[in-house]
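**Student:** First, the structure itself, so that you have it in front of you.
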Amino acid sequence: MRFLFIAIFTIIFQVAISQNQFVPIDIPYKTALETAKKESKPLFVMLYADWCPHCNLMKSEVLSDSAVKDFLNKNFVCTYKNIEKEEGIALKNKFKTKSLPTFLFLDSNENLIYALKGEMKKADFLNELQYSLNPKMQLPYLEKEFMADPSNSDKFFTYLNTLKKGKDRTELSPATHIYLNTQSDKQLISELNWRVIANGVTDIKSREFQFVLQHQKEFAAVASQNRIDKKIENIVNELLRPLVDNLDTINYYKQREVAKSIRLQKTDSLVFKYDLTLAERTEKWDFYKKVTLEDTQKLVWNDASFLKEIGNTYFKHINDTESLKKAIFWVNHSLELNDSYDGNLLEAKLYNKIKDKKKALEYAKNAKAIAKEMGWDSKEIDILLTELNKK
């Protein structure tokens, strides 16, 4: 009897827990489409990854809720796809998914009628589910309304704001340029059209972005210089970051020239930092050295922390004496900007690497003094001092 009671209790407990848990239903995509057509329902697809914290939060706090589950099961045919598995990979590529989680709403002919991305509160998610069922709030209707009158800013923004709920900025670009092509150069300089450019323009070579670069003062008057600067920075980040993240060196070297065509120090500095990140991740130390020798003093001369980062990379990966002397010069300037323990320690290591014992001892003693004054652990500098005093 005791074991029977335990077994019954365990089953009841597991049922109670399962009612408040979300278990992804991985119906084959083709089967889900056929069922949606048969039942005259839209198809709801969640794209997720097990390592994605936003996906896991949506599962545990939103999709596990009984009201959400009931609404989904009543109004949609649902399937949940891991983007690291076969069907998930295919759907991710088919719908150009870059953010997780992504929620796709499809008709039985695979037309995208609505899309969402990212974390949401339960109430917001339920509202969006209801919007997705309203034909006049769906993407095909909004696109048709916009295309019938592409100069109408209200229709454009309605379409754009719905589109960006589930799509990344690069996918807002086609509609944005259709609208902006109806605007003269003079009309572009307005607060409304600035918002259009800021939200939807991603092509550095586009007429609209080039116009912003040439008329920054005029746009700053209707927006602000800070917003202009942020847009310029964002467009470079959006161009280069994915290529660096994916270690796509071939396309990176092509697109960095596009970014550098902006010809502003702030964008050159961004390109410089992406250059170094890519060189480090791909271990292209000759490229790293070439870029730093050309542009360190021009682009990051007043950034003490970054100068030390470069110096540390030289210490680890660069071996020719002349280049190391240049790194010593940069780190020395970082100490002029901000005298620090780690800067003096690095300078000592660099001098030691080029076999200048006298200078290495000088900076090692400086580092030791700073550590003593601040009450810091001096083990690393003590080891270096012992090594230097043996020579």
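A note on labels: chains of the structure tokens are A, B, ... as shown, every chain counts residues from 1, and ligands are counted from 1 in their shown order.
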Using only C-alpha atoms, determine which residues lie at most 9 Å from stretch 187-192 of chain A, disregarding the query and same-chain residues fewer than 2 positions distant; provide the list as a PyMOL selection string.

**Tutor:** chain A and resi 153+180+183-185+194-197+208+211-212+215+218-219+221-223

**Student:** Skipping near chain neighbours, those fewer than 6 positions away, what residues fall within 12 Å of stretch 131-139 of chain A using only C-alpha atoms, listed as JSON, numbers by chain?

**Tutor:** {"A": [41, 42, 43, 44, 71, 72, 74, 75, 76, 103, 104, 105, 106, 107, 111, 112, 113, 114, 115, 116, 124, 125, 145, 146, 147, 155, 156, 158, 159, 160, 161, 162, 163, 164, 165, 166, 167]}

**Student:** Between atom CA of A:Gln210 and atom CA of A:Asp154, what is the distance in Å, rounded to a tenth?

**Tutor:**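 Spanning atom CA of A:Gln210 to atom CA of A:Asp154 is a straight-line distance of 24.9 Å.
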
**Student:** Find the residues around A:Ser99 up to 8 Å (only C-alpha atoms counted), leave out those fewer than 2 positions away in its own chain, and share them as JSON, numbers by chain.

**Tutor:** {"A": [97, 101, 102, 117, 118, 168]}

**Student:** Restricting it to N, CA and C atoms, dump the selection as a CSV table (one decimal), in the first residue's frame.

**Tutor:**
```csv
chain,number,residue,atom,x,y,z
A,97,THR,N,15.5,34.3,-40.6
A,97,THR,CA,15.4,34.6,-39.1
A,97,THR,C,16.8,34.9,-38.5
A,101,PRO,N,13.6,34.4,-29.6
A,101,PRO,CA,12.8,33.5,-30.4
A,101,PRO,C,12.1,34.3,-31.5
A,102,THR,N,11.7,33.7,-32.5
A,102,THR,CA,10.9,34.3,-33.6
A,102,THR,C,9.6,33.4,-33.7
A,117,LYS,N,9.1,38.8,-32.6
A,117,LYS,CA,10.5,38.3,-32.2
A,117,LYS,C,10.7,38.8,-30.8
A,118,GLY,N,11.5,38.1,-30.1
A,118,GLY,CA,12.0,38.5,-28.7
A,118,GLY,C,11.0,38.1,-27.6
A,168,ASP,N,14.2,42.0,-38.8
A,168,ASP,CA,15.3,42.9,-38.5
A,168,ASP,C,15.3,44.0,-39.4
```

**Student:** Do you have the atom CA of A:Leu33-atom CA of A:Glu84 distance handy?

**Tutor:**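 Computed distance, atom CA of A:Leu33 to atom CA of A:Glu84, equals 20.8 Å.
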
**Student:** Within stretch 169-242 of chain A, find each residue whose DSSP state, derived from the backbone, is alpha helix (DSSP H), and express the selection as a compact mmCIF listing (two decimals) with all heavy atoms, in the first residue's frame.

**Tutor:**
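Okay, this is what ended up in selection_35.txt:
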```
# COMPACT_ATOMS: atom_id res chain seq x y z
N SER A 173 14.15 47.63 -45.17
CA SER A 173 14.73 48.52 -46.18
C SER A 173 13.93 48.61 -47.48
O SER A 173 13.72 49.72 -47.98
CB SER A 173 16.17 48.07 -46.47
OG SER A 173 16.79 48.95 -47.36
N PRO A 174 13.46 47.50 -48.08
CA PRO A 174 12.74 47.64 -49.36
C PRO A 174 11.53 48.56 -49.27
O PRO A 174 11.37 49.45 -50.13
CB PRO A 174 12.32 46.19 -49.67
CG PRO A 174 13.36 45.36 -48.99
CD PRO A 174 13.67 46.08 -47.72
N ALA A 175 10.68 48.38 -48.26
CA ALA A 175 9.51 49.24 -48.11
C ALA A 175 9.93 50.69 -47.83
O ALA A 175 9.32 51.64 -48.35
CB ALA A 175 8.61 48.73 -46.99
N THR A 176 10.96 50.84 -47.04
CA THR A 176 11.44 52.19 -46.71
C THR A 176 11.85 52.95 -47.96
O THR A 176 11.50 54.12 -48.14
CB THR A 176 12.63 52.10 -45.73
OG1 THR A 176 12.19 51.48 -44.53
CG2 THR A 176 13.19 53.48 -45.42
N HIS A 177 12.59 52.29 -48.84
CA HIS A 177 13.06 52.97 -50.05
C HIS A 177 11.93 53.24 -51.04
O HIS A 177 11.97 54.23 -51.77
CB HIS A 177 14.20 52.19 -50.68
CG HIS A 177 15.47 52.28 -49.91
ND1 HIS A 177 16.20 53.45 -49.80
CD2 HIS A 177 16.14 51.37 -49.17
CE1 HIS A 177 17.26 53.24 -49.04
NE2 HIS A 177 17.24 51.99 -48.64
N ILE A 178 10.92 52.38 -51.06
CA ILE A 178 9.75 52.65 -51.90
C ILE A 178 9.09 53.94 -51.46
O ILE A 178 8.74 54.81 -52.28
CB ILE A 178 8.76 51.47 -51.85
CG1 ILE A 178 9.34 50.26 -52.59
CG2 ILE A 178 7.40 51.87 -52.48
CD1 ILE A 178 8.54 48.98 -52.40
N TYR A 179 8.92 54.09 -50.15
CA TYR A 179 8.33 55.33 -49.63
C TYR A 179 9.24 56.52 -49.88
O TYR A 179 8.80 57.56 -50.39
CB TYR A 179 8.04 55.20 -48.13
CG TYR A 179 7.77 56.54 -47.48
CD1 TYR A 179 6.55 57.19 -47.66
CD2 TYR A 179 8.75 57.17 -46.72
CE1 TYR A 179 6.31 58.43 -47.09
CE2 TYR A 179 8.53 58.41 -46.16
CZ TYR A 179 7.31 59.04 -46.34
OH TYR A 179 7.09 60.29 -45.79
N LEU A 180 10.51 56.40 -49.56
CA LEU A 180 11.42 57.54 -49.68
C LEU A 180 11.62 57.99 -51.12
O LEU A 180 11.91 59.15 -51.38
CB LEU A 180 12.77 57.21 -49.03
CG LEU A 180 12.75 57.10 -47.50
CD1 LEU A 180 14.10 56.61 -46.98
CD2 LEU A 180 12.40 58.44 -46.86
N ASP A 185 14.45 65.62 -52.30
CA ASP A 185 15.55 65.89 -51.37
C ASP A 185 15.10 66.89 -50.30
O ASP A 185 15.40 66.71 -49.11
CB ASP A 185 16.76 66.47 -52.12
CG ASP A 185 17.50 65.40 -52.91
OD1 ASP A 185 17.16 64.21 -52.77
OD2 ASP A 185 18.43 65.76 -53.67
N LYS A 186 14.38 67.89 -50.69
CA LYS A 186 13.91 68.90 -49.74
C LYS A 186 12.97 68.29 -48.71
O LYS A 186 13.03 68.60 -47.51
CB LYS A 186 13.21 70.04 -50.48
CG LYS A 186 12.82 71.22 -49.59
CD LYS A 186 12.22 72.35 -50.42
CE LYS A 186 11.83 73.52 -49.53
NZ LYS A 186 11.24 74.63 -50.33
N GLN A 187 12.10 67.39 -49.17
CA GLN A 187 11.15 66.75 -48.26
C GLN A 187 11.84 65.80 -47.28
O GLN A 187 11.31 65.54 -46.19
CB GLN A 187 10.10 65.98 -49.07
CG GLN A 187 9.10 66.87 -49.79
CD GLN A 187 8.17 66.06 -50.69
OE1 GLN A 187 8.64 65.21 -51.46
NE2 GLN A 187 6.88 66.31 -50.58
N LEU A 188 12.99 65.26 -47.67
CA LEU A 188 13.69 64.34 -46.76
C LEU A 188 14.04 65.00 -45.44
O LEU A 188 14.05 64.35 -44.39
CB LEU A 188 14.97 63.81 -47.42
CG LEU A 188 14.83 62.80 -48.56
CD1 LEU A 188 16.20 62.43 -49.09
CD2 LEU A 188 14.07 61.56 -48.12
N GLU A 191 11.35 65.96 -39.58
CA GLU A 191 11.44 65.07 -38.44
C GLU A 191 10.84 63.71 -38.77
O GLU A 191 11.38 62.66 -38.40
CB GLU A 191 10.72 65.69 -37.24
CG GLU A 191 11.17 65.14 -35.88
CD GLU A 191 10.51 63.81 -35.53
OE1 GLU A 191 9.40 63.54 -36.02
OE2 GLU A 191 11.12 63.03 -34.77
N LEU A 192 9.71 63.72 -39.51
CA LEU A 192 9.06 62.47 -39.87
C LEU A 192 9.96 61.62 -40.77
O LEU A 192 10.16 60.43 -40.53
CB LEU A 192 7.73 62.76 -40.56
CG LEU A 192 6.87 61.53 -40.92
CD1 LEU A 192 5.39 61.86 -40.79
CD2 LEU A 192 7.16 61.06 -42.35
N ASN A 193 10.50 62.25 -41.82
CA ASN A 193 11.34 61.48 -42.74
C ASN A 193 12.67 61.09 -42.12
O ASN A 193 13.28 60.08 -42.51
CB ASN A 193 11.53 62.23 -44.05
CG ASN A 193 10.31 62.09 -44.96
OD1 ASN A 193 9.58 61.12 -44.86
ND2 ASN A 193 10.09 63.07 -45.82
N TRP A 194 13.13 61.88 -41.15
CA TRP A 194 14.32 61.44 -40.41
C TRP A 194 14.02 60.12 -39.69
O TRP A 194 14.83 59.20 -39.69
CB TRP A 194 14.79 62.49 -39.41
CG TRP A 194 15.73 61.86 -38.42
CD1 TRP A 194 15.50 61.56 -37.12
CD2 TRP A 194 17.04 61.34 -38.71
NE1 TRP A 194 16.57 60.90 -36.57
CE2 TRP A 194 17.53 60.75 -37.52
CE3 TRP A 194 17.83 61.31 -39.85
CZ2 TRP A 194 18.78 60.16 -37.44
CZ3 TRP A 194 19.08 60.71 -39.77
CH2 TRP A 194 19.55 60.15 -38.58
N ARG A 195 12.84 60.01 -39.09
CA ARG A 195 12.48 58.78 -38.40
C ARG A 195 12.42 57.60 -39.37
O ARG A 195 12.81 56.48 -39.03
CB ARG A 195 11.13 58.93 -37.67
CG ARG A 195 11.23 59.78 -36.41
CD ARG A 195 10.00 59.64 -35.53
NE ARG A 195 8.83 60.28 -36.11
CZ ARG A 195 7.70 59.66 -36.42
NH1 ARG A 195 7.60 58.36 -36.23
NH2 ARG A 195 6.68 60.31 -36.92
N VAL A 196 11.94 57.86 -40.57
CA VAL A 196 11.91 56.81 -41.60
C VAL A 196 13.33 56.35 -41.92
O VAL A 196 13.63 55.15 -41.95
CB VAL A 196 11.22 57.32 -42.88
CG1 VAL A 196 11.31 56.26 -43.98
CG2 VAL A 196 9.76 57.68 -42.61
N ILE A 197 14.22 57.31 -42.14
CA ILE A 197 15.61 56.99 -42.48
C ILE A 197 16.28 56.26 -41.33
O ILE A 197 16.96 55.24 -41.52
CB ILE A 197 16.38 58.28 -42.84
CG1 ILE A 197 15.84 58.88 -44.15
CG2 ILE A 197 17.88 58.01 -42.96
CD1 ILE A 197 16.31 60.28 -44.44
N ALA A 198 16.08 56.76 -40.11
CA ALA A 198 16.72 56.16 -38.94
C ALA A 198 16.28 54.72 -38.73
O ALA A 198 17.07 53.86 -38.35
CB ALA A 198 16.42 57.00 -37.70
N ASN A 199 15.01 54.42 -39.01
CA ASN A 199 14.47 53.09 -38.75
C ASN A 199 14.66 52.11 -39.90
O ASN A 199 14.79 50.91 -39.67
CB ASN A 199 12.98 53.17 -38.42
CG ASN A 199 12.72 53.58 -36.98
OD1 ASN A 199 12.89 52.80 -36.07
ND2 ASN A 199 12.35 54.83 -36.79
N GLY A 200 14.66 52.62 -41.15
CA GLY A 200 14.59 51.69 -42.26
C GLY A 200 15.73 51.68 -43.25
O GLY A 200 15.82 50.75 -44.06
N ARG A 207 20.88 56.67 -51.74
CA ARG A 207 20.71 58.12 -51.92
C ARG A 207 20.38 58.80 -50.59
O ARG A 207 20.93 59.86 -50.26
CB ARG A 207 19.59 58.36 -52.93
CG ARG A 207 18.97 59.75 -52.90
CD ARG A 207 17.46 59.65 -53.04
NE ARG A 207 16.80 60.92 -52.88
CZ ARG A 207 15.51 61.05 -52.60
NH1 ARG A 207 14.74 59.98 -52.48
NH2 ARG A 207 14.97 62.24 -52.46
N GLU A 208 19.50 58.17 -49.78
CA GLU A 208 19.03 58.82 -48.56
C GLU A 208 20.14 58.93 -47.51
O GLU A 208 20.31 59.98 -46.88
CB GLU A 208 17.84 58.04 -47.98
CG GLU A 208 16.62 58.04 -48.86
CD GLU A 208 16.66 56.99 -49.97
OE1 GLU A 208 17.59 56.14 -49.95
OE2 GLU A 208 15.76 57.00 -50.82
N PHE A 209 20.92 57.87 -47.34
CA PHE A 209 21.98 57.93 -46.33
C PHE A 209 23.08 58.88 -46.77
O PHE A 209 23.61 59.65 -45.95
CB PHE A 209 22.56 56.55 -46.05
CG PHE A 209 23.59 56.56 -44.95
CD1 PHE A 209 23.20 56.74 -43.64
CD2 PHE A 209 24.94 56.44 -45.22
CE1 PHE A 209 24.13 56.79 -42.61
CE2 PHE A 209 25.88 56.49 -44.21
CZ PHE A 209 25.48 56.66 -42.90
N GLN A 210 23.43 58.85 -48.03
CA GLN A 210 24.44 59.79 -48.53
C GLN A 210 23.97 61.23 -48.38
O GLN A 210 24.76 62.13 -48.08
CB GLN A 210 24.77 59.47 -49.99
CG GLN A 210 25.53 58.17 -50.20
CD GLN A 210 26.90 58.18 -49.52
OE1 GLN A 210 27.63 59.16 -49.59
NE2 GLN A 210 27.25 57.08 -48.85
N PHE A 211 22.67 61.43 -48.55
CA PHE A 211 22.10 62.77 -48.37
C PHE A 211 22.22 63.22 -46.91
O PHE A 211 22.52 64.38 -46.62
CB PHE A 211 20.64 62.78 -48.82
CG PHE A 211 20.03 64.15 -48.90
CD1 PHE A 211 20.33 65.01 -49.96
CD2 PHE A 211 19.16 64.60 -47.91
CE1 PHE A 211 19.78 66.28 -50.03
CE2 PHE A 211 18.60 65.87 -47.98
CZ PHE A 211 18.91 66.71 -49.05
N VAL A 212 22.00 62.29 -45.98
CA VAL A 212 22.18 62.60 -44.55
C VAL A 212 23.62 63.00 -44.28
O VAL A 212 23.89 63.99 -43.58
CB VAL A 212 21.77 61.39 -43.67
CG1 VAL A 212 22.20 61.62 -42.22
CG2 VAL A 212 20.28 61.15 -43.75
N LEU A 213 24.58 62.24 -44.82
CA LEU A 213 26.00 62.56 -44.59
C LEU A 213 26.34 63.96 -45.09
O LEU A 213 27.12 64.68 -44.46
CB LEU A 213 26.88 61.53 -45.30
CG LEU A 213 26.92 60.12 -44.72
CD1 LEU A 213 27.81 59.23 -45.57
CD2 LEU A 213 27.42 60.13 -43.28
N GLN A 214 25.76 64.33 -46.22
CA GLN A 214 26.07 65.64 -46.82
C GLN A 214 25.31 66.80 -46.19
O GLN A 214 25.66 67.96 -46.41
CB GLN A 214 25.76 65.58 -48.32
CG GLN A 214 26.66 64.60 -49.09
CD GLN A 214 26.04 64.15 -50.40
OE1 GLN A 214 25.09 64.75 -50.90
NE2 GLN A 214 26.57 63.06 -50.96
N GLN A 216 24.27 66.99 -42.63
CA GLN A 216 24.12 66.66 -41.21
C GLN A 216 23.57 67.82 -40.39
O GLN A 216 22.76 67.63 -39.48
CB GLN A 216 25.47 66.20 -40.64
CG GLN A 216 25.90 64.84 -41.16
CD GLN A 216 27.12 64.31 -40.44
OE1 GLN A 216 27.14 64.21 -39.23
NE2 GLN A 216 28.15 63.96 -41.20
N LYS A 217 24.00 69.02 -40.70
CA LYS A 217 23.53 70.18 -39.93
C LYS A 217 22.03 70.38 -40.09
O LYS A 217 21.31 70.66 -39.12
CB LYS A 217 24.27 71.44 -40.37
CG LYS A 217 25.72 71.49 -39.91
CD LYS A 217 26.37 72.81 -40.31
CE LYS A 217 27.82 72.86 -39.85
NZ LYS A 217 28.49 74.13 -40.24
N GLU A 218 21.54 70.21 -41.32
CA GLU A 218 20.11 70.38 -41.56
C GLU A 218 19.29 69.31 -40.86
O GLU A 218 18.26 69.59 -40.25
CB GLU A 218 19.81 70.35 -43.07
CG GLU A 218 20.37 71.55 -43.84
CD GLU A 218 21.75 71.27 -44.43
OE1 GLU A 218 22.54 70.53 -43.79
OE2 GLU A 218 22.03 71.78 -45.53
N PHE A 219 19.78 68.06 -40.89
CA PHE A 219 19.06 66.99 -40.20
C PHE A 219 19.16 67.16 -38.68
O PHE A 219 18.22 66.84 -37.95
CB PHE A 219 19.59 65.62 -40.63
CG PHE A 219 19.00 65.12 -41.90
CD1 PHE A 219 19.69 65.25 -43.11
CD2 PHE A 219 17.74 64.54 -41.91
CE1 PHE A 219 19.13 64.80 -44.30
CE2 PHE A 219 17.18 64.08 -43.10
CZ PHE A 219 17.87 64.21 -44.29
N ALA A 220 20.29 67.65 -38.18
CA ALA A 220 20.44 67.89 -36.74
C ALA A 220 19.43 68.91 -36.24
O ALA A 220 18.99 68.85 -35.09
CB ALA A 220 21.86 68.35 -36.43
N ALA A 221 19.02 69.83 -37.12
CA ALA A 221 18.04 70.86 -36.74
C ALA A 221 16.65 70.26 -36.55
O ALA A 221 15.86 70.77 -35.75
CB ALA A 221 18.00 71.96 -37.80
N VAL A 222 16.33 69.16 -37.26
CA VAL A 222 15.01 68.55 -37.10
C VAL A 222 15.05 67.33 -36.18
O VAL A 222 14.01 66.85 -35.73
CB VAL A 222 14.40 68.15 -38.48
CG1 VAL A 222 14.22 69.37 -39.34
CG2 VAL A 222 15.24 67.10 -39.19
N GLN A 225 22.10 66.24 -33.39
CA GLN A 225 23.37 65.70 -33.87
C GLN A 225 23.65 64.34 -33.25
O GLN A 225 24.21 63.44 -33.88
CB GLN A 225 24.52 66.66 -33.60
CG GLN A 225 25.84 66.26 -34.26
CD GLN A 225 25.74 66.18 -35.78
OE1 GLN A 225 25.24 67.11 -36.43
NE2 GLN A 225 26.19 65.07 -36.37
N ASN A 226 23.23 64.17 -32.00
CA ASN A 226 23.44 62.90 -31.34
C ASN A 226 22.70 61.77 -32.06
O ASN A 226 23.25 60.66 -32.23
CB ASN A 226 22.95 62.98 -29.88
CG ASN A 226 23.21 61.69 -29.12
OD1 ASN A 226 24.34 61.23 -29.01
ND2 ASN A 226 22.14 61.11 -28.60
N ARG A 227 21.47 62.05 -32.53
CA ARG A 227 20.72 61.03 -33.25
C ARG A 227 21.35 60.75 -34.62
O ARG A 227 21.36 59.61 -35.08
CB ARG A 227 19.26 61.48 -33.40
CG ARG A 227 18.49 61.43 -32.10
CD ARG A 227 17.16 62.15 -32.22
NE ARG A 227 16.21 61.41 -33.05
CZ ARG A 227 15.01 61.90 -33.40
NH1 ARG A 227 14.64 63.11 -32.99
NH2 ARG A 227 14.19 61.18 -34.14
N ILE A 228 21.89 61.79 -35.24
CA ILE A 228 22.59 61.59 -36.52
C ILE A 228 23.81 60.70 -36.31
O ILE A 228 24.05 59.75 -37.07
CB ILE A 228 23.02 62.94 -37.14
CG1 ILE A 228 21.86 63.94 -37.19
CG2 ILE A 228 23.62 62.72 -38.53
CD1 ILE A 228 20.66 63.50 -37.96
N ASP A 229 24.59 61.04 -35.29
CA ASP A 229 25.80 60.26 -34.99
C ASP A 229 25.45 58.80 -34.71
O ASP A 229 26.16 57.88 -35.14
CB ASP A 229 26.54 60.86 -33.79
CG ASP A 229 27.17 62.20 -34.11
OD1 ASP A 229 27.31 62.52 -35.31
OD2 ASP A 229 27.52 62.94 -33.17
N LYS A 230 24.37 58.60 -33.95
CA LYS A 230 23.97 57.23 -33.60
C LYS A 230 23.57 56.44 -34.84
O LYS A 230 23.90 55.26 -34.97
CB LYS A 230 22.81 57.28 -32.60
CG LYS A 230 22.51 55.94 -31.97
CD LYS A 230 21.58 56.09 -30.80
CE LYS A 230 21.33 54.76 -30.11
NZ LYS A 230 22.54 54.16 -29.56
N LYS A 231 22.87 57.10 -35.78
CA LYS A 231 22.49 56.41 -37.02
C LYS A 231 23.72 56.03 -37.82
O LYS A 231 23.80 54.90 -38.35
CB LYS A 231 21.58 57.32 -37.85
CG LYS A 231 21.22 56.75 -39.23
CD LYS A 231 20.49 55.41 -39.11
CE LYS A 231 20.21 54.80 -40.47
NZ LYS A 231 19.58 53.47 -40.36
N ILE A 232 24.67 56.93 -37.93
CA ILE A 232 25.89 56.65 -38.68
C ILE A 232 26.64 55.48 -38.04
O ILE A 232 27.11 54.56 -38.74
CB ILE A 232 26.79 57.90 -38.75
CG1 ILE A 232 26.10 59.00 -39.58
CG2 ILE A 232 28.16 57.57 -39.34
CD1 ILE A 232 26.78 60.35 -39.52
N GLU A 233 26.71 55.47 -36.72
CA GLU A 233 27.38 54.38 -36.02
C GLU A 233 26.62 53.06 -36.22
O GLU A 233 27.23 52.02 -36.48
CB GLU A 233 27.45 54.71 -34.52
CG GLU A 233 28.13 53.66 -33.68
CD GLU A 233 28.21 54.06 -32.21
OE1 GLU A 233 28.32 55.27 -31.94
OE2 GLU A 233 28.15 53.15 -31.37
N ASN A 234 25.29 53.12 -36.12
CA ASN A 234 24.48 51.90 -36.26
C ASN A 234 24.61 51.28 -37.63
O ASN A 234 24.65 50.06 -37.77
CB ASN A 234 23.00 52.21 -35.96
CG ASN A 234 22.73 52.37 -34.48
OD1 ASN A 234 23.53 51.96 -33.65
ND2 ASN A 234 21.61 52.97 -34.14
N ILE A 235 24.64 52.12 -38.67
CA ILE A 235 24.66 51.57 -40.02
C ILE A 235 25.98 50.83 -40.30
O ILE A 235 26.00 49.82 -41.00
CB ILE A 235 24.39 52.67 -41.08
CG1 ILE A 235 23.79 52.06 -42.36
CG2 ILE A 235 25.63 53.49 -41.40
CD1 ILE A 235 23.19 53.07 -43.32
N VAL A 236 27.06 51.30 -39.68
CA VAL A 236 28.35 50.61 -39.80
C VAL A 236 28.33 49.32 -38.98
O VAL A 236 28.77 48.26 -39.45
CB VAL A 236 29.50 51.52 -39.37
CG1 VAL A 236 30.82 50.74 -39.31
CG2 VAL A 236 29.64 52.70 -40.32
N ASN A 237 27.79 49.41 -37.77
CA ASN A 237 27.70 48.20 -36.94
C ASN A 237 26.86 47.12 -37.60
O ASN A 237 27.23 45.93 -37.59
CB ASN A 237 27.09 48.55 -35.57
CG ASN A 237 28.08 49.23 -34.65
OD1 ASN A 237 29.27 48.96 -34.70
ND2 ASN A 237 27.61 50.11 -33.80
N GLU A 238 25.73 47.51 -38.18
CA GLU A 238 24.84 46.54 -38.81
C GLU A 238 25.47 45.93 -40.06
O GLU A 238 25.17 44.78 -40.41
CB GLU A 238 23.51 47.20 -39.15
CG GLU A 238 22.68 47.50 -37.90
CD GLU A 238 21.52 48.44 -38.19
OE1 GLU A 238 21.41 48.93 -39.33
OE2 GLU A 238 20.72 48.68 -37.28
N LEU A 239 26.35 46.68 -40.69
CA LEU A 239 27.03 46.16 -41.88
C LEU A 239 28.13 45.18 -41.50
O LEU A 239 28.26 44.11 -42.11
CB LEU A 239 27.63 47.33 -42.68
CG LEU A 239 28.43 46.97 -43.93
CD1 LEU A 239 27.50 46.43 -45.02
CD2 LEU A 239 29.19 48.19 -44.44
N LEU A 240 28.93 45.51 -40.49
CA LEU A 240 30.15 44.75 -40.21
C LEU A 240 30.03 43.70 -39.11
O LEU A 240 30.69 42.66 -39.17
CB LEU A 240 31.29 45.71 -39.87
CG LEU A 240 31.69 46.70 -40.97
CD1 LEU A 240 32.86 47.56 -40.49
CD2 LEU A 240 32.05 45.98 -42.26
N ARG A 241 29.21 43.96 -38.10
CA ARG A 241 29.17 43.03 -36.97
C ARG A 241 28.81 41.61 -37.36
O ARG A 241 29.48 40.65 -36.91
CB ARG A 241 28.22 43.54 -35.88
CG ARG A 241 28.21 42.62 -34.64
CD ARG A 241 27.22 43.07 -33.60
NE ARG A 241 27.67 44.29 -32.95
CZ ARG A 241 26.93 45.39 -32.85
NH1 ARG A 241 25.74 45.44 -33.39
NH2 ARG A 241 27.40 46.45 -32.23
N PRO A 242 27.76 41.39 -38.18
CA PRO A 242 27.43 40.00 -38.54
C PRO A 242 28.57 39.29 -39.25
O PRO A 242 28.77 38.08 -39.06
CB PRO A 242 26.21 40.15 -39.47
CG PRO A 242 25.64 41.49 -39.16
CD PRO A 242 26.81 42.35 -38.79
```

**Student:** Mind giving me the straight-line distance from atom CA of A:Asp339 to atom CA of A:Ser305 in Å, one decimal?

**Tutor:**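 Computed distance, atom CA of A:Asp339 to atom CA of A:Ser305, equals 11.0 Å.
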
**Student:** Restricting the calculation to only C-alpha atoms, which member of A:Trp51, A:Asp248, A:Tyr253, A:Leu361 is positioned closest to A:Arg281?

**Tutor:**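 Closest to A:Arg281, using only C-alpha atoms: A:Asp248.
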